[in-house]
Structure formats: C-alpha cells, structure tokens
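**Student:** If it helps, the file is called my_file.pdb and holds PDB, C-alpha atoms:
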ATOM      1  CA  MET A  24      43.231-156.085 130.707  1.00  0.00           C
ATOM      2  CA  PRO A  25      40.156-155.192 128.645  1.00  0.00           C
ATOM      3  CA  ASN A  26      40.550-152.678 125.818  1.00  0.00           C
ATOM      4  CA  LYS A  27      38.782-149.460 126.811  1.00  0.00           C
ATOM      5  CA  TYR A  28      38.330-148.368 123.190  1.00  0.00           C
ATOM      6  CA  LYS A  29      35.689-150.015 121.041  1.00  0.00           C
ATOM      7  CA  THR A  30      37.189-149.055 117.680  1.00  0.00           C
ATOM      8  CA  GLU A  31      40.601-148.290 116.213  1.00  0.00           C
ATOM      9  CA  SER A  32      39.370-144.834 115.212  1.00  0.00           C
ATOM     10  CA  GLU A  33      38.473-144.090 118.844  1.00  0.00           C
ATOM     11  CA  PHE A  34      41.874-145.408 119.980  1.00  0.00           C
ATOM     12  CA  LEU A  35      43.743-143.186 117.506  1.00  0.00           C
ATOM     13  CA  THR A  36      41.737-140.158 118.569  1.00  0.00           C
ATOM     14  CA  HIS A  37      43.077-140.534 122.113  1.00  0.00           C
ATOM     15  CA  TYR A  38      46.579-141.688 121.157  1.00  0.00           C
ATOM     16  CA  ASN A  39      49.349-139.245 122.137  1.00  0.00           C
ATOM     17  CA  ALA A  40      52.613-139.790 120.218  1.00  0.00           C
ATOM     18  CA  ALA A  41      54.387-137.436 122.644  1.00  0.00           C
ATOM     19  CA  ASP A  42      54.177-140.156 125.292  1.00  0.00           C
ATOM     20  CA  PHE A  43      57.095-141.881 123.558  1.00  0.00           C
ATOM     21  CA  ASP A  44      60.588-140.791 122.583  1.00  0.00           C
ATOM     22  CA  ARG A  45      60.920-140.263 118.838  1.00  0.00           C
ATOM     23  CA  PRO A  46      64.457-140.489 117.436  1.00  0.00           C
ATOM     24  CA  SER A  47      65.359-138.637 114.257  1.00  0.00           C
ATOM     25  CA  VAL A  48      66.570-140.486 111.169  1.00  0.00           C
ATOM     26  CA  THR A  49      69.178-139.369 108.650  1.00  0.00           C
ATOM     27  CA  ALA A  50      70.312-140.770 105.317  1.00  0.00           C
ATOM     28  CA  ASP A  51      74.096-140.521 104.833  1.00  0.00           C
ATOM     29  CA  ILE A  52      75.718-141.453 101.542  1.00  0.00           C
ATOM     30  CA  LEU A  53      79.122-142.833 100.693  1.00  0.00           C
ATOM     31  CA  ILE A  54      79.676-141.592  97.138  1.00  0.00           C
ATOM     32  CA  PHE A  55      82.590-143.630  95.806  1.00  0.00           C
ATOM     33  CA  SER A  56      84.409-143.135  92.511  1.00  0.00           C
ATOM     34  CA  VAL A  57      87.799-143.761  90.921  1.00  0.00           C
ATOM     35  CA  SER A  58      90.497-141.206  89.912  1.00  0.00           C
ATOM     36  CA  SER A  59      91.078-137.985  91.744  1.00  0.00           C
ATOM     37  CA  ALA A  60      89.581-134.836  90.213  1.00  0.00           C
ATOM     38  CA  VAL A  61      86.174-133.964  88.804  1.00  0.00           C
ATOM     39  CA  GLY A  62      86.463-132.868  85.189  1.00  0.00           C
ATOM     40  CA  GLU A  63      89.850-134.471  84.517  1.00  0.00           C
ATOM     41  CA  ASN A  64      90.429-136.609  81.457  1.00  0.00           C
ATOM     42  CA  TRP A  65      89.740-140.046  82.939  1.00  0.00           C
ATOM     43  CA  ARG A  66      92.124-141.852  80.616  1.00  0.00           C
ATOM     44  CA  ARG A  67      95.071-139.517  81.178  1.00  0.00           C
ATOM     45  CA  ALA A  68      95.415-140.523  84.843  1.00  0.00           C
ATOM     46  CA  ASN A  69      98.252-143.053  84.855  1.00  0.00           C
ATOM     47  CA  LYS A  70      97.362-144.246  88.333  1.00  0.00           C
ATOM     48  CA  LYS A  71      93.757-144.581  89.428  1.00  0.00           C
ATOM     49  CA  SER A  72      92.790-143.621  92.976  1.00  0.00           C
ATOM     50  CA  PHE A  73      89.782-144.772  94.957  1.00  0.00           C
ATOM     51  CA  SER A  74      87.960-141.693  96.249  1.00  0.00           C
ATOM     52  CA  VAL A  75      85.013-140.584  98.378  1.00  0.00           C
ATOM     53  CA  LEU A  76      83.115-137.298  98.367  1.00  0.00           C
ATOM     54  CA  LEU A  77      83.130-135.362 101.664  1.00  0.00           C
ATOM     55  CA  VAL A  78      81.533-132.083 102.716  1.00  0.00           C
ATOM     56  CA  ARG A  79      83.078-129.622 105.178  1.00  0.00           C
ATOM     57  CA  ARG A  80      80.648-128.628 107.924  1.00  0.00           C
ATOM     58  CA  ASP A  81      79.793-124.934 108.198  1.00  0.00           C
ATOM     59  CA  ASP A  82      77.719-125.217 111.366  1.00  0.00           C
ATOM     60  CA  TRP A  83      77.753-126.857 114.779  1.00  0.00           C
ATOM     61  CA  PRO A  84      78.124-129.592 115.876  1.00  0.00           C
ATOM     62  CA  ASP A  85      81.636-130.456 114.654  1.00  0.00           C
ATOM     63  CA  LEU A  86      82.041-127.111 112.896  1.00  0.00           C
ATOM     64  CA  GLY A  87      84.901-127.262 110.381  1.00  0.00           C
ATOM     65  CA  LYS A  88      85.095-131.048 110.318  1.00  0.00           C
ATOM     66  CA  TRP A  89      84.314-133.151 107.270  1.00  0.00           C
ATOM     67  CA  ASN A  90      81.351-135.459 106.891  1.00  0.00           C
ATOM     68  CA  LEU A  91      79.495-137.520 104.323  1.00  0.00           C
ATOM     69  CA  PRO A  92      76.719-135.902 102.290  1.00  0.00           C
ATOM     70  CA  GLY A  93      73.518-136.506 104.184  1.00  0.00           C
ATOM     71  CA  GLY A  94      70.395-135.070 105.685  1.00  0.00           C
ATOM     72  CA  PHE A  95      67.328-135.777 107.750  1.00  0.00           C
ATOM     73  CA  VAL A  96      64.635-138.023 106.316  1.00  0.00           C
ATOM     74  CA  GLY A  97      61.404-136.072 105.874  1.00  0.00           C
ATOM     75  CA  ILE A  98      58.275-137.141 107.719  1.00  0.00           C
ATOM     76  CA  ARG A  99      56.651-138.108 104.398  1.00  0.00           C
ATOM     77  CA  GLU A 100      59.816-139.428 102.779  1.00  0.00           C
ATOM     78  CA  THR A 101      61.353-142.884 102.770  1.00  0.00           C
ATOM     79  CA  ALA A 102      65.034-143.260 103.569  1.00  0.00           C
ATOM     80  CA  ILE A 103      65.878-144.378 100.021  1.00  0.00           C
ATOM     81  CA  ARG A 104      64.081-141.343  98.568  1.00  0.00           C
ATOM     82  CA  ALA A 105      66.080-139.108 100.890  1.00  0.00           C
ATOM     83  CA  ALA A 106      69.289-140.820  99.755  1.00  0.00           C
ATOM     84  CA  ARG A 107      68.434-140.280  96.085  1.00  0.00           C
ATOM     85  CA  ARG A 108      67.568-136.634  96.771  1.00  0.00           C
ATOM     86  CA  ILE A 109      70.923-136.079  98.472  1.00  0.00           C
ATOM     87  CA  LEU A 110      72.790-137.881  95.685  1.00  0.00           C
ATOM     88  CA  ASP A 111      71.095-135.704  93.068  1.00  0.00           C
ATOM     89  CA  ASN A 112      71.904-132.528  95.009  1.00  0.00           C
ATOM     90  CA  GLU A 113      75.595-133.438  95.285  1.00  0.00           C
ATOM     91  CA  THR A 114      76.274-134.907  91.833  1.00  0.00           C
ATOM     92  CA  GLY A 115      73.372-134.112  89.516  1.00  0.00           C
ATOM     93  CA  VAL A 116      73.232-137.804  88.593  1.00  0.00           C
ATOM     94  CA  LYS A 117      69.788-139.370  88.945  1.00  0.00           C
ATOM     95  CA  ASP A 118      69.561-142.391  86.677  1.00  0.00           C
ATOM     96  CA  ASN A 119      71.394-145.712  86.490  1.00  0.00           C
ATOM     97  CA  VAL A 120      73.406-145.159  89.664  1.00  0.00           C
ATOM     98  CA  TYR A 121      74.398-148.120  91.797  1.00  0.00           C
ATOM     99  CA  LEU A 122      72.912-147.392  95.226  1.00  0.00           C
ATOM    100  CA  GLU A 123      72.601-149.891  98.055  1.00  0.00           C
ATOM    101  CA  GLN A 124      71.796-149.685 101.728  1.00  0.00           C
ATOM    102  CA  LEU A 125      75.006-150.245 103.657  1.00  0.00           C
ATOM    103  CA  TYR A 126      74.154-150.441 107.351  1.00  0.00           C
ATOM    104  CA  THR A 127      72.206-148.735 110.127  1.00  0.00           C
ATOM    105  CA  PHE A 128      74.371-146.804 112.597  1.00  0.00           C
ATOM    106  CA  ASP A 129      72.562-146.244 115.877  1.00  0.00           C
ATOM    107  CA  ALA A 130      75.090-145.672 118.675  1.00  0.00           C
ATOM    108  CA  ILE A 131      73.317-143.822 121.480  1.00  0.00           C
ATOM    109  CA  ALA A 132      75.570-140.741 121.535  1.00  0.00           C
ATOM    110  CA  ARG A 133      76.631-140.606 117.881  1.00  0.00           C
ATOM    111  CA  ASP A 134      75.119-137.111 117.521  1.00  0.00           C
ATOM    112  CA  PRO A 135      75.346-134.604 120.421  1.00  0.00           C
ATOM    113  CA  ARG A 136      72.146-132.792 119.391  1.00  0.00           C
ATOM    114  CA  MET A 137      69.663-135.585 119.979  1.00  0.00           C
ATOM    115  CA  ARG A 138      69.038-139.262 119.355  1.00  0.00           C
ATOM    116  CA  VAL A 139      69.828-139.687 115.652  1.00  0.00           C
ATOM    117  CA  ILE A 140      69.835-142.973 113.763  1.00  0.00           C
ATOM    118  CA  SER A 141      71.674-142.991 110.440  1.00  0.00           C
ATOM    119  CA  ILE A 142      70.764-145.261 107.542  1.00  0.00           C
ATOM    120  CA  ALA A 143      73.925-145.281 105.428  1.00  0.00           C
ATOM    121  CA  TYR A 144      73.944-145.899 101.681  1.00  0.00           C
ATOM    122  CA  MET A 145      76.744-146.596  99.232  1.00  0.00           C
ATOM    123  CA  ALA A 146      76.685-145.092  95.727  1.00  0.00           C
ATOM    124  CA  LEU A 147      79.153-145.869  92.943  1.00  0.00           C
ATOM    125  CA  ILE A 148      79.559-143.425  90.066  1.00  0.00           C
ATOM    126  CA  ASP A 149      81.805-142.722  87.097  1.00  0.00           C
ATOM    127  CA  LYS A 150      83.000-139.138  87.534  1.00  0.00           C
ATOM    128  CA  SER A 151      82.624-138.439  83.832  1.00  0.00           C
ATOM    129  CA  ARG A 152      78.848-138.627  84.406  1.00  0.00           C
ATOM    130  CA  LEU A 153      78.775-135.782  86.917  1.00  0.00           C
ATOM    131  CA  HIS A 154      76.337-133.126  85.749  1.00  0.00           C
ATOM    132  CA  HIS A 155      77.881-130.395  87.874  1.00  0.00           C
ATOM    133  CA  ALA A 156      80.899-129.854  90.088  1.00  0.00           C
ATOM    134  CA  ALA A 157      80.691-130.631  93.769  1.00  0.00           C
ATOM    135  CA  ALA A 158      79.449-127.851  96.034  1.00  0.00           C
ATOM    136  CA  PRO A 159      82.065-125.288  97.198  1.00  0.00           C
ATOM    137  CA  ASN A 160      82.381-126.965 100.578  1.00  0.00           C
ATOM    138  CA  ALA A 161      82.604-130.481  99.056  1.00  0.00           C
ATOM    139  CA  ARG A 162      85.784-132.229  97.988  1.00  0.00           C
ATOM    140  CA  TRP A 163      86.939-135.593  96.657  1.00  0.00           C
ATOM    141  CA  PHE A 164      89.400-137.446  98.897  1.00  0.00           C
ATOM    142  CA  ASP A 165      91.482-140.448  97.933  1.00  0.00           C
ATOM    143  CA  ALA A 166      90.687-143.086 100.550  1.00  0.00           C
ATOM    144  CA  ARG A 167      92.736-145.991 101.849  1.00  0.00           C
ATOM    145  CA  LEU A 168      92.906-148.226 104.879  1.00  0.00           C
ATOM    146  CA  GLN A 169      96.326-148.515 106.492  1.00  0.00           C
ATOM    147  CA  SER A 170      96.707-150.938 109.399  1.00  0.00           C
ATOM    148  CA  GLY A 171      92.978-150.625 110.003  1.00  0.00           C
ATOM    149  CA  LYS A 172      93.095-146.813 110.092  1.00  0.00           C
ATOM    150  CA  LEU A 173      91.366-144.616 107.528  1.00  0.00           C
ATOM    151  CA  ILE A 174      93.575-142.147 105.632  1.00  0.00           C
ATOM    152  CA  LEU A 175      92.029-139.496 103.377  1.00  0.00           C
ATOM    153  CA  GLN A 176      94.079-137.360 100.997  1.00  0.00           C
ATOM    154  CA  SER A 177      93.120-134.470  98.712  1.00  0.00           C
ATOM    155  CA  GLY A 178      96.030-132.481  97.284  1.00  0.00           C
ATOM    156  CA  ASP A 179      98.077-131.261 100.231  1.00  0.00           C
ATOM    157  CA  LEU A 180      95.238-131.919 102.699  1.00  0.00           C
ATOM    158  CA  THR A 181      95.388-135.137 104.724  1.00  0.00           C
ATOM    159  CA  LEU A 182      92.577-136.143 107.086  1.00  0.00           C
ATOM    160  CA  LYS A 183      92.692-138.549 110.006  1.00  0.00           C
ATOM    161  CA  GLU A 184      89.668-140.299 111.466  1.00  0.00           C
ATOM    162  CA  SER A 185      89.427-137.614 114.184  1.00  0.00           C
ATOM    163  CA  ASP A 186      88.986-134.963 111.465  1.00  0.00           C
ATOM    164  CA  LEU A 187      85.625-136.452 110.503  1.00  0.00           C
ATOM    165  CA  ALA A 188      82.329-135.548 112.140  1.00  0.00           C
ATOM    166  CA  PHE A 189      80.110-137.940 114.090  1.00  0.00           C
ATOM    167  CA  ASP A 190      80.908-141.609 113.338  1.00  0.00           C
ATOM    168  CA  HIS A 191      81.496-141.061 109.641  1.00  0.00           C
ATOM    169  CA  ALA A 192      84.989-142.576 109.736  1.00  0.00           C
ATOM    170  CA  GLU A 193      83.367-145.834 110.828  1.00  0.00           C
ATOM    171  CA  ILE A 194      80.790-145.557 108.033  1.00  0.00           C
ATOM    172  CA  ILE A 195      83.499-145.034 105.398  1.00  0.00           C
ATOM    173  CA  LYS A 196      85.559-147.975 106.657  1.00  0.00           C
ATOM    174  CA  THR A 197      82.465-150.179 106.638  1.00  0.00           C
ATOM    175  CA  GLY A 198      81.746-149.131 103.048  1.00  0.00           C
ATOM    176  CA  ILE A 199      85.292-149.816 101.854  1.00  0.00           C
ATOM    177  CA  LEU A 200      85.282-153.297 103.395  1.00  0.00           C
ATOM    178  CA  ARG A 201      81.843-154.031 101.904  1.00  0.00           C
ATOM    179  CA  LEU A 202      83.017-152.938  98.458  1.00  0.00           C
ATOM    180  CA  ARG A 203      86.257-154.922  98.677  1.00  0.00           C
ATOM    181  CA  ASN A 204      84.259-158.010  99.525  1.00  0.00           C
ATOM    182  CA  LYS A 205      81.682-157.539  96.783  1.00  0.00           C
ATOM    183  CA  ILE A 206      84.103-156.974  93.900  1.00  0.00           C
ATOM    184  CA  GLU A 207      85.494-160.443  94.539  1.00  0.00           C
ATOM    185  CA  TYR A 208      82.241-162.082  93.401  1.00  0.00           C
ATOM    186  CA  THR A 209      80.241-159.408  91.510  1.00  0.00           C
ATOM    187  CA  ASP A 210      80.852-156.926  88.687  1.00  0.00           C
ATOM    188  CA  ILE A 211      80.108-153.958  90.965  1.00  0.00           C
ATOM    189  CA  ALA A 212      83.361-152.192  90.013  1.00  0.00           C
ATOM    190  CA  PHE A 213      82.004-151.533  86.510  1.00  0.00           C
ATOM    191  CA  ASP A 214      79.635-148.939  87.970  1.00  0.00           C
ATOM    192  CA  MET A 215      82.672-146.655  88.395  1.00  0.00           C
ATOM    193  CA  MET A 216      83.950-147.234  84.850  1.00  0.00           C
ATOM    194  CA  PRO A 217      83.300-145.278  81.645  1.00  0.00           C
ATOM    195  CA  ARG A 218      81.351-147.083  78.930  1.00  0.00           C
ATOM    196  CA  GLU A 219      84.529-148.226  77.164  1.00  0.00           C
ATOM    197  CA  PHE A 220      87.862-149.014  78.816  1.00  0.00           C
ATOM    198  CA  THR A 221      91.045-151.008  78.454  1.00  0.00           C
ATOM    199  CA  LEU A 222      91.719-154.073  80.582  1.00  0.00           C
ATOM    200  CA  GLY A 223      94.682-152.246  82.086  1.00  0.00           C
ATOM    201  CA  GLU A 224      92.412-149.445  83.274  1.00  0.00           C
ATOM    202  CA  LEU A 225      89.950-151.942  84.714  1.00  0.00           C
ATOM    203  CA  GLN A 226      92.736-153.717  86.584  1.00  0.00           C
ATOM    204  CA  GLN A 227      93.898-150.405  88.061  1.00  0.00           C
ATOM    205  CA  VAL A 228      90.387-149.788  89.380  1.00  0.00           C
ATOM    206  CA  TYR A 229      90.314-153.192  91.071  1.00  0.00           C
ATOM    207  CA  GLU A 230      93.752-152.552  92.559  1.00  0.00           C
ATOM    208  CA  ALA A 231      92.733-149.085  93.810  1.00  0.00           C
ATOM    209  CA  ILE A 232      89.718-150.536  95.616  1.00  0.00           C
ATOM    210  CA  LEU A 233      91.507-153.574  97.029  1.00  0.00           C
ATOM    211  CA  GLY A 234      94.615-151.610  97.986  1.00  0.00           C
ATOM    212  CA  ARG A 235      97.007-154.167  96.501  1.00  0.00           C
ATOM    213  CA  ALA A 236      98.547-155.204  93.185  1.00  0.00           C
ATOM    214  CA  LEU A 237      96.983-158.049  91.207  1.00  0.00           C
ATOM    215  CA  PRO A 238      98.773-160.509  88.880  1.00  0.00           C
ATOM    216  CA  THR A 239      97.743-159.447  85.386  1.00  0.00           C
ATOM    217  CA  ALA A 240      97.228-162.933  83.918  1.00  0.00           C
ATOM    218  CA  ALA A 241      95.103-164.100  86.851  1.00  0.00           C
ATOM    219  CA  PHE A 242      93.054-160.897  86.819  1.00  0.00           C
ATOM    220  CA  ARG A 243      92.254-161.218  83.132  1.00  0.00           C
ATOM    221  CA  ARG A 244      91.130-164.814  83.585  1.00  0.00           C
ATOM    222  CA  THR A 245      88.848-163.705  86.422  1.00  0.00           C
ATOM    223  CA  ILE A 246      87.074-160.951  84.478  1.00  0.00           C
ATOM    224  CA  ALA A 247      87.069-162.662  81.057  1.00  0.00           C
ATOM    225  CA  GLY A 248      83.384-163.549  81.316  1.00  0.00           C
ATOM    226  CA  LYS A 249      82.388-160.048  82.429  1.00  0.00           C
ATOM    227  CA  VAL A 250      83.731-158.006  79.491  1.00  0.00           C
ATOM    228  CA  ALA A 251      83.260-157.934  75.737  1.00  0.00           C
ATOM    229  CA  ALA A 252      85.613-156.524  73.100  1.00  0.00           C
ATOM    230  CA  THR A 253      84.286-153.494  71.199  1.00  0.00           C
ATOM    231  CA  GLY A 254      86.478-153.992  68.158  1.00  0.00           C
ATOM    232  CA  LYS A 255      87.996-150.541  68.751  1.00  0.00           C
ATOM    233  CA  THR A 256      91.372-149.487  70.112  1.00  0.00           C
ATOM    234  CA  GLN A 257      92.445-146.676  72.374  1.00  0.00           C
ATOM    235  CA  VAL A 258      94.095-143.884  70.349  1.00  0.00           C
ATOM    236  CA  GLY A 259      95.964-140.661  71.077  1.00  0.00           C
ATOM    237  CA  PHE A 260      98.571-142.092  73.441  1.00  0.00           C
ATOM    238  CA  GLY A 261     102.287-142.621  73.091  1.00  0.00           C
ATOM    239  CA  HIS A 262     102.153-146.377  73.484  1.00  0.00           C
ATOM    240  CA  ARG A 263     100.935-149.402  71.599  1.00  0.00           C
ATOM    241  CA  PRO A 264      97.150-149.084  71.045  1.00  0.00           C
ATOM    242  CA  SER A 265      95.136-151.132  73.525  1.00  0.00           C
ATOM    243  CA  MET A 266      91.898-152.916  72.772  1.00  0.00           C
ATOM    244  CA  LEU A 267      88.778-151.276  74.229  1.00  0.00           C
ATOM    245  CA  PHE A 268      86.214-153.351  76.100  1.00  0.00           C
ATOM    246  CA  ARG A 269      82.786-152.789  77.563  1.00  0.00           C
ATOM    247  CA  ARG A 270      80.804-154.368  80.362  1.00  0.00           C
ATOM    248  CA  LYS A 271      79.021-157.526  79.227  1.00  0.00           C
ATOM    249  CA  LYS A 272      75.332-157.199  80.040  1.00  0.00           C
TER     250      LYS A 272
END
Go ahead and express the file in the form of structure tokens.
**Tutor:**
Amino acid sequence: MPNKYKTESEFLTHYNAADFDRPSVTADILIFSVSSAVGENWRRANKKSFSVLLVRRDDWPDLGKWNLPGGFVGIRETAIRAARRILDNETGVKDNVYLEQLYTFDAIARDPRMRVISIAYMALIDKSRLHHAAAPNARWFDARLQSGKLILQSGDLTLKESDLAFDHAEIIKTGILRLRNKIEYTDIAFDMMPREFTLGELQQVYEAILGRALPTAAFRRTIAGKVAATGKTQVGFGHRPSMLFRRKK
C-alpha cells in the first residue's frame, strides 16, 4: 500500500493520537528501611525490624486502604524522574539513595479508574538520613512474609494483603523477594545502615531482611571483605564495647 504522505511532517500533521487507546503510567515506590520508628536512636533498638513506608488513601478508589507512595508520570517526565520526585516528597532525601527499577505491573484491571500501568521502584534508606517525618497519612510498617502471605505491623495495627490498595501487596512481596536474593551476592544491605556500625548490628539487618537467624561465625566470614574497621568502639552501653566498622568502598 503506497504511503499517501510525501513527508514525515505532512504525516504528523494528519496524525490523530485519539485513534488509539492511551494507558496512564504511574511510578510506585517501595521505600525500605530497617528499625521501626522515624527519629528513634538507631543503636538503642535491640532488635532490628525490616520496614516499608505506606500511605493511607484519603480518596477513592480504595478509600481508607493503604498503598505505596506513588503518582502519575507527567507527560514531560520520565518514570525515574517521577520516582525521585515522589521519594523526595516522602522522605526529603535526594542524594546517594539506592533506587532501582523493580518490575512493571500491568494487569488489565489493576486500577478500577482506567488502564494504568505501574513501573515499580525499590529504594533503600537509612532512617537517620530522613530530612523530615513522614506525611500525616504515612506510616512505617514492619514487613514479613509468612507462608507466602504478607504481614504488616505498626504498633497495634496489623494489615493483611486485602487491606492494601490495588495490587500493592504483590509489589511489596516482589520487592522483598528481590532484596532477599540480592543481599546474598551484593552489599545492598549497607544502603540501610548508618555510616558506622557494629558487626552485630549488621547481622541483625541481614536477619531482618531474610527473616531467619544466621550463624554468627559464617556471617562474619561472608561479609569480611565488605567492611573495614574504623579503629573506634561503640560507647555508652552497658556491655563490652564493640568495634565499629564501615562499608568498604
């Protein structure tokens, strides 16, 4: 079939984008951290908890349910720029944040409003770097997988998968499994650590993410090449001072 337009400019002049369906695109972010409360003394928490930031919806659809921080990608905005904008709005942290694209979620009826495709991202932060508290309708939830089911806990509030909006339970589970896999062969867990830490604290972070206890001797052999001693010790605690380490660059 011969082309009826002689130039691309002429073709574009007659092109009608409304002839085709145009799905909307959102960027949704899994903001993961360790420990349980913004502003707490990180080192005073005897047991570290793996947590995710959720926002309670104040509008339809799924009014009153909880979802991941997210938003629509602007027409002149890339998905990664939208993700960084959302991360900044929720945490105030802009620089040196681990952020990776997780997966594209595109089930046909995942949003009752219209055809919406979500590009999900995973961010890892140390809570001590937060520049401001989470928004009033946002809350940190300790997250764990139990027999394949997602359980979220914040104080006396426990959420089930059905308490989450859209398909965000699936997104969170995908992120947890991705993170568990990656800490086995990368130093990704250090992105949730303060600058200096004890090996005991680091082990607790690994255990919180993996959801299981680790043999101390084997763990320390595994991470030996990833940490460097600072020459300083942890002080101000009622136990034998522990050596402080930092991430080896």
**Student:** Within 8 Å of range 166-170 of chain A, which residues of range 174-202 of chain A come that close, and what is the closest atom pair and distance in Å for each? Count all atoms listed in the file and give it as a tab-separated table.
**Tutor:**
residue	atom	partner	partner_atom	distance
A:Ile174	CA	A:Arg167	CA	5.5
A:Leu175	CA	A:Ala166	CA	4.8
A:Gln176	CA	A:Ala166	CA	6.7
A:Lys196	CA	A:Leu168	CA	7.6
**Student:** With only C-alpha atoms as the atoms that count, which of A:Ala236, A:Ala105, A:Ser74, A:Trp83 lies nearest to Phe164 in chain A?
**Tutor:**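 Using only C-alpha atoms, the shortest distance to Phe164 in chain A belongs to A:Ser74.
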**Student:** Rounded to one decimal place, report the CA of Lys71 in chain A-CA of Leu147 in chain A distance in Å.
**Tutor:**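 If I compute the distance from CA of Lys71 in chain A to CA of Leu147 in chain A, I get 15.1 Å.
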**Student:** So that all listed atoms of range 100-109 of chain A fit with 6 Å spare on each side, what axis-aligned box centre and edge lengths in Å, to one decimal, would you give as JSON?
**Tutor:**
{"center_x": 65.4, "center_y": -140.2, "center_z": 99.8, "size_x": 23.1, "size_y": 20.3, "size_z": 19.5}
**Student:** If you measure from CA of Pro46 in chain A to CA of Thr197 in chain A, what distance in Å do you get, rounded to one decimal?
**Tutor:** 23.1 Å
**Student:** One decimal, Å: what's the distance from CA of Leu76 in chain A over to CA of Asn160 in chain A, could you say?
**Tutor:**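 So the answer is 10.6 Å.
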**Student:** Go through A:Gln226, A:Glu31, A:Phe189, A:Leu153 and flag the residue nearest Asp111 in chain A, using only C-alpha atoms for the distances.
**Tutor:**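 Between A:Gln226, A:Glu31, A:Phe189, A:Leu153, the residue approaching Asp111 in chain A most closely is A:Leu153.
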**Student:** Measuring between only C-alpha atoms, which one of A:Arg201, A:Lys29, A:Arg79, A:Lys183 shows the shortest distance to Leu91 in chain A?
**Tutor:**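 Among A:Arg201, A:Lys29, A:Arg79, A:Lys183, it is A:Arg79 that comes nearest to Leu91 in chain A.
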**Student:** Quick one: apply the PyMOL selection byres ((chain A and resi 139) around 8) to the file and drop the selected residues here as a PyMOL selection string.
**Tutor:** chain A and resi 46-49+129+131+133-134+137-138+140-141
**Student:** So which one's closest to Gly115 in chain A, A:Ile148, A:Ala41, A:Ala50, A:Ala192? Using only C-alpha atoms, please.
**Tutor:**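 The shortest atom-to-atom distance to Gly115 in chain A comes from A:Ile148.
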**Student:** So which residues get picked by the PyMOL selection byres ((chain A and resi 210) around 12) here, written as a ChimeraX atom specification?
**Tutor:** /A:121,147,202-209,211-216,225,228-229,245-250,270-272
**Student:** Counting all atoms listed in the file, which residue out of A:Phe55, A:Tyr28, A:Phe43, A:Phe73 sits closest to Ala231 in chain A?
**Tutor:**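 Closest residue, counting all atoms listed in the file: A:Phe73.
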**Student:** Near Ala252 in chain A, counting only C-alpha atoms, which residues have an atom at most 9 Å away, once you skip same-chain residues fewer than 3 positions from it, shown as a compact mmCIF listing (two decimals) with C-alpha atoms, in the coordinates of the input?
**Tutor:**
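The result, written out as result_8.txt:
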# COMPACT_ATOMS: atom_id res chain seq x y z
CA LYS A 255 88.00 -150.54 68.75
CA MET A 266 91.90 -152.92 72.77
CA LEU A 267 88.78 -151.28 74.23
CA PHE A 268 86.21 -153.35 76.10
CA ARG A 269 82.79 -152.79 77.56
CA ARG A 270 80.80 -154.37 80.36
**Student:** For Ser56 in chain A, which residue out of A:Arg107, A:His37, A:Arg80, A:Lys150 is the nearest one, using only C-alpha atoms?
**Tutor:**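 Ranking A:Arg107, A:His37, A:Arg80, A:Lys150 by distance to Ser56 in chain A, first place goes to A:Lys150.
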**Student:** Which residues, protein or nucleic acid, reach to within 12 Å of (92.7, -132.9, 110.2) in the file's coordinates when using only C-alpha atoms, and can you give that as number ranges by chain?
**Tutor:** A: 79, 87-89, 174-177, 179-188
**Student:** Please write the residues from the selection above to a file, keeping C-alpha atoms, as a PDB file, keeping the file's coordinate frame.
**Tutor:**
ATOM      1  CA  ARG A  79      83.078-129.622 105.178  1.00  0.00           C
ATOM      2  CA  GLY A  87      84.901-127.262 110.381  1.00  0.00           C
ATOM      3  CA  LYS A  88      85.095-131.048 110.318  1.00  0.00           C
ATOM      4  CA  TRP A  89      84.314-133.151 107.270  1.00  0.00           C
ATOM      5  CA  ILE A 174      93.575-142.147 105.632  1.00  0.00           C
ATOM      6  CA  LEU A 175      92.029-139.496 103.377  1.00  0.00           C
ATOM      7  CA  GLN A 176      94.079-137.360 100.997  1.00  0.00           C
ATOM      8  CA  SER A 177      93.120-134.470  98.712  1.00  0.00           C
ATOM      9  CA  ASP A 179      98.077-131.261 100.231  1.00  0.00           C
ATOM     10  CA  LEU A 180      95.238-131.919 102.699  1.00  0.00           C
ATOM     11  CA  THR A 181      95.388-135.137 104.724  1.00  0.00           C
ATOM     12  CA  LEU A 182      92.577-136.143 107.086  1.00  0.00           C
ATOM     13  CA  LYS A 183      92.692-138.549 110.006  1.00  0.00           C
ATOM     14  CA  GLU A 184      89.668-140.299 111.466  1.00  0.00           C
ATOM     15  CA  SER A 185      89.427-137.614 114.184  1.00  0.00           C
ATOM     16  CA  ASP A 186      88.986-134.963 111.465  1.00  0.00           C
ATOM     17  CA  LEU A 187      85.625-136.452 110.503  1.00  0.00           C
ATOM     18  CA  ALA A 188      82.329-135.548 112.140  1.00  0.00           C
TER      19      ALA A 188
END
**Student:** Run the PyMOL selection byres ((chain A and resi 127) around 6) on the file and write out the hits as a CSV table (one decimal) with C-alpha atoms, keeping the file's coordinate frame.
**Tutor:**
chain,number,residue,atom,x,y,z
A,126,TYR,CA,74.2,-150.4,107.4
A,128,PHE,CA,74.4,-146.8,112.6
A,141,SER,CA,71.7,-143.0,110.4
A,142,ILE,CA,70.8,-145.3,107.5
**Student:** Regenerate range 251-256 of chain A at the level of N, CA, C and O atoms and dump it as a PDB file, in the coordinates of the input.
**Tutor:**
ATOM      1  N   ALA A 251      83.358-157.599  77.150  1.00  0.00           N
ATOM      2  CA  ALA A 251      83.260-157.934  75.737  1.00  0.00           C
ATOM      3  C   ALA A 251      84.080-156.927  74.942  1.00  0.00           C
ATOM      4  O   ALA A 251      84.046-155.724  75.227  1.00  0.00           O
ATOM      5  N   ALA A 252      84.814-157.409  73.938  1.00  0.00           N
ATOM      6  CA  ALA A 252      85.613-156.524  73.100  1.00  0.00           C
ATOM      7  C   ALA A 252      84.703-155.672  72.230  1.00  0.00           C
ATOM      8  O   ALA A 252      83.666-156.138  71.743  1.00  0.00           O
ATOM      9  N   THR A 253      85.079-154.410  72.028  1.00  0.00           N
ATOM     10  CA  THR A 253      84.286-153.494  71.199  1.00  0.00           C
ATOM     11  C   THR A 253      84.743-153.496  69.750  1.00  0.00           C
ATOM     12  O   THR A 253      84.042-152.967  68.884  1.00  0.00           O
ATOM     13  N   GLY A 254      85.929-154.053  69.498  1.00  0.00           N
ATOM     14  CA  GLY A 254      86.478-153.992  68.158  1.00  0.00           C
ATOM     15  C   GLY A 254      87.224-152.704  67.884  1.00  0.00           C
ATOM     16  O   GLY A 254      87.749-152.492  66.787  1.00  0.00           O
ATOM     17  N   LYS A 255      87.304-151.816  68.889  1.00  0.00           N
ATOM     18  CA  LYS A 255      87.996-150.541  68.751  1.00  0.00           C
ATOM     19  C   LYS A 255      89.241-150.546  69.622  1.00  0.00           C
ATOM     20  O   LYS A 255      89.372-151.357  70.543  1.00  0.00           O
ATOM     21  N   THR A 256      90.155-149.614  69.318  1.00  0.00           N
ATOM     22  CA  THR A 256      91.372-149.487  70.112  1.00  0.00           C
ATOM     23  C   THR A 256      91.483-148.080  70.663  1.00  0.00           C
ATOM     24  O   THR A 256      90.928-147.124  70.108  1.00  0.00           O
TER      25      THR A 256
END
